[in-house]
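J.: Here you go, one structure.
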Amino acid sequence: MLIAHLPAGYIIGSVARKAVPVAPGVMFAALAGSVAPDFDIAWFWLADNGAVHHSTYPTHWPLFWAVVAIVAMPLVAATARRWSAASAVFFLAVFSHMVLDSVTAPMFWLMPFDGRAVELVPIPPAHSHWVLSFVLHWSFALEIGVCAVAIWMAVKNAARRELLKGAP
């Protein structure tokens, strides 16, 4: 996935805000979690000459995030309980990133223990640049769909805020 991670985070954050309206930081956690696995991109492009991004760095290993969640969530619950919902939403968004990546890019779900990749729809290098190959592939419509749902939710949420602002 190229463009759907942040919109997916917005969708998760919007749903979480409705479910737990008093929880602080839920939207920020959802947005940050939805792109957290890509925090390695700068290093990937600047220092590693584009090594295999998903298998090389732990930020794209689901087991890495599972261990971080298993350690972090009880700590947050014990020390800063009011941030528990945001913590859970952050990790949900992180795992949504992994699921979305699994659609059109190899994801190594059991790394570092097993190097087998999961990729539902391989994108063949049909064009001069890999980005063109992704954008012109039929699967890009899925990303457009996620973006469309996020835009629809944003418009709906903005209208609701306006409605509430005008209420007595």
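The chains in the structure tokens are called A, B, ... from first to last as shown; in each chain the residues are counted from 1, and the ligands are counted from 1 in the order shown.
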Excluding segment 80-91 of chain A and any residue of its chain fewer than 4 positions from it, enumerate the residues within 6 Å of it, using only C-alpha atoms, and give them as a list in words.
T.: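 Answer for this query is Gly25, Val26, Ala29, Ala30, Gly33 and Val76 of chain A.
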J.: Next, dump the selected residues to file, keeping only C-alpha atoms, as a compact mmCIF listing (two decimals), in the first residue's frame.
T.:
```txt
# COMPACT_ATOMS: atom_id res chain seq x y z
CA GLY A 25 -5.16 11.00 22.32
CA VAL A 26 -7.08 8.31 20.45
CA ALA A 29 -2.53 7.37 18.40
CA ALA A 30 -4.44 5.94 15.44
CA GLY A 33 0.23 3.88 14.64
CA VAL A 76 0.41 1.98 30.28
```
J.: Within 10 Å of segment 111-123 of chain A, counting only C-alpha atoms, which residues qualify if same-chain residues fewer than 3 places away don't, as a ChimeraX atom specification?
T.: /A:54-58,60-64,99,101-108,126,130,133-139
J.: Those same residues, written as a PDB file, in the first residue's frame with C-alpha atoms?
T.:
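part.pdb, freshly written:
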```
ATOM      1  CA  HIS A  54       9.760  -5.168   4.861  1.00  0.00           C
ATOM      2  CA  SER A  55      12.168  -7.956   5.703  1.00  0.00           C
ATOM      3  CA  THR A  56      15.188  -5.905   6.754  1.00  0.00           C
ATOM      4  CA  TYR A  57      13.825  -3.689   9.492  1.00  0.00           C
ATOM      5  CA  PRO A  58      11.994  -4.760  12.661  1.00  0.00           C
ATOM      6  CA  HIS A  60       7.833  -4.063   9.544  1.00  0.00           C
ATOM      7  CA  TRP A  61       7.886  -7.275  11.544  1.00  0.00           C
ATOM      8  CA  PRO A  62       4.502  -8.009  13.148  1.00  0.00           C
ATOM      9  CA  LEU A  63       6.167 -10.079  15.876  1.00  0.00           C
ATOM     10  CA  PHE A  64       8.279  -7.053  16.845  1.00  0.00           C
ATOM     11  CA  VAL A  99      -2.557  -6.174   7.000  1.00  0.00           C
ATOM     12  CA  ASP A 101       0.812  -4.100   3.289  1.00  0.00           C
ATOM     13  CA  SER A 102       0.098  -7.819   2.989  1.00  0.00           C
ATOM     14  CA  VAL A 103      -2.337  -7.145   0.166  1.00  0.00           C
ATOM     15  CA  THR A 104       0.192  -5.886  -2.397  1.00  0.00           C
ATOM     16  CA  ALA A 105       3.648  -6.207  -0.847  1.00  0.00           C
ATOM     17  CA  PRO A 106       5.525  -9.079   0.743  1.00  0.00           C
ATOM     18  CA  MET A 107       5.027  -9.084   4.520  1.00  0.00           C
ATOM     19  CA  PHE A 108       7.099 -11.296   6.743  1.00  0.00           C
ATOM     20  CA  ALA A 126       4.916  -3.595 -15.699  1.00  0.00           C
ATOM     21  CA  TRP A 130       7.694   0.786  -9.417  1.00  0.00           C
ATOM     22  CA  SER A 133       3.333  -0.250 -11.525  1.00  0.00           C
ATOM     23  CA  PHE A 134       1.474   0.128  -8.215  1.00  0.00           C
ATOM     24  CA  VAL A 135      -0.740   3.071  -9.185  1.00  0.00           C
ATOM     25  CA  LEU A 136      -1.767   1.570 -12.521  1.00  0.00           C
ATOM     26  CA  HIS A 137      -2.490  -1.896 -11.083  1.00  0.00           C
ATOM     27  CA  TRP A 138      -6.149  -2.774 -10.390  1.00  0.00           C
ATOM     28  CA  SER A 139      -5.396  -3.272  -6.691  1.00  0.00           C
TER      29      SER A 139
END
```
J.: Just the number, please: distance in Å from atom CA of Ile12 of chain A to atom CA of Leu92 of chain A, one decimal.
T.: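 Here the two named atoms are 8.1 Å from each other.
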J.: Name the residues of segment 11-153 of chain A that come out as helix (DSSP H, G or I) in a backbone DSSP run; write them as a ChimeraX atom specification.
T.: /A:11-19,26-46,53-56,58-60,62-79,81-104,130-135,140-153
J.: What is the distance between atom CA of His5 of chain A and atom CA of Phe95 of chain A, in Å to one decimal?
T.: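 Result for atom CA of His5 of chain A versus atom CA of Phe95 of chain A: 10.6 Å, one decimal.
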J.: Using only C-alpha atoms, pick whichever of A:Ile41, A:Ala141, A:Met27, A:Ala148 has the shortest atom-to-atom distance to Val15 of chain A.
T.: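 Under the stated criterion, the closest residue is A:Met27.
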J.: Restricting the calculation to only C-alpha atoms: of A:Phe140, A:Tyr10, A:Phe39, A:Trp109, which residue gets closest to Met153 of chain A?
T.: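 The shortest atom-to-atom distance to Met153 of chain A comes from A:Tyr10.
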J.: Near Trp152 of chain A, counting only C-alpha atoms, which residues have an atom at most 12 Å away, once you skip same-chain residues fewer than 5 positions from it, shown as a ChimeraX atom specification?
T.: /A:7,10-11,14,145-147,157-159
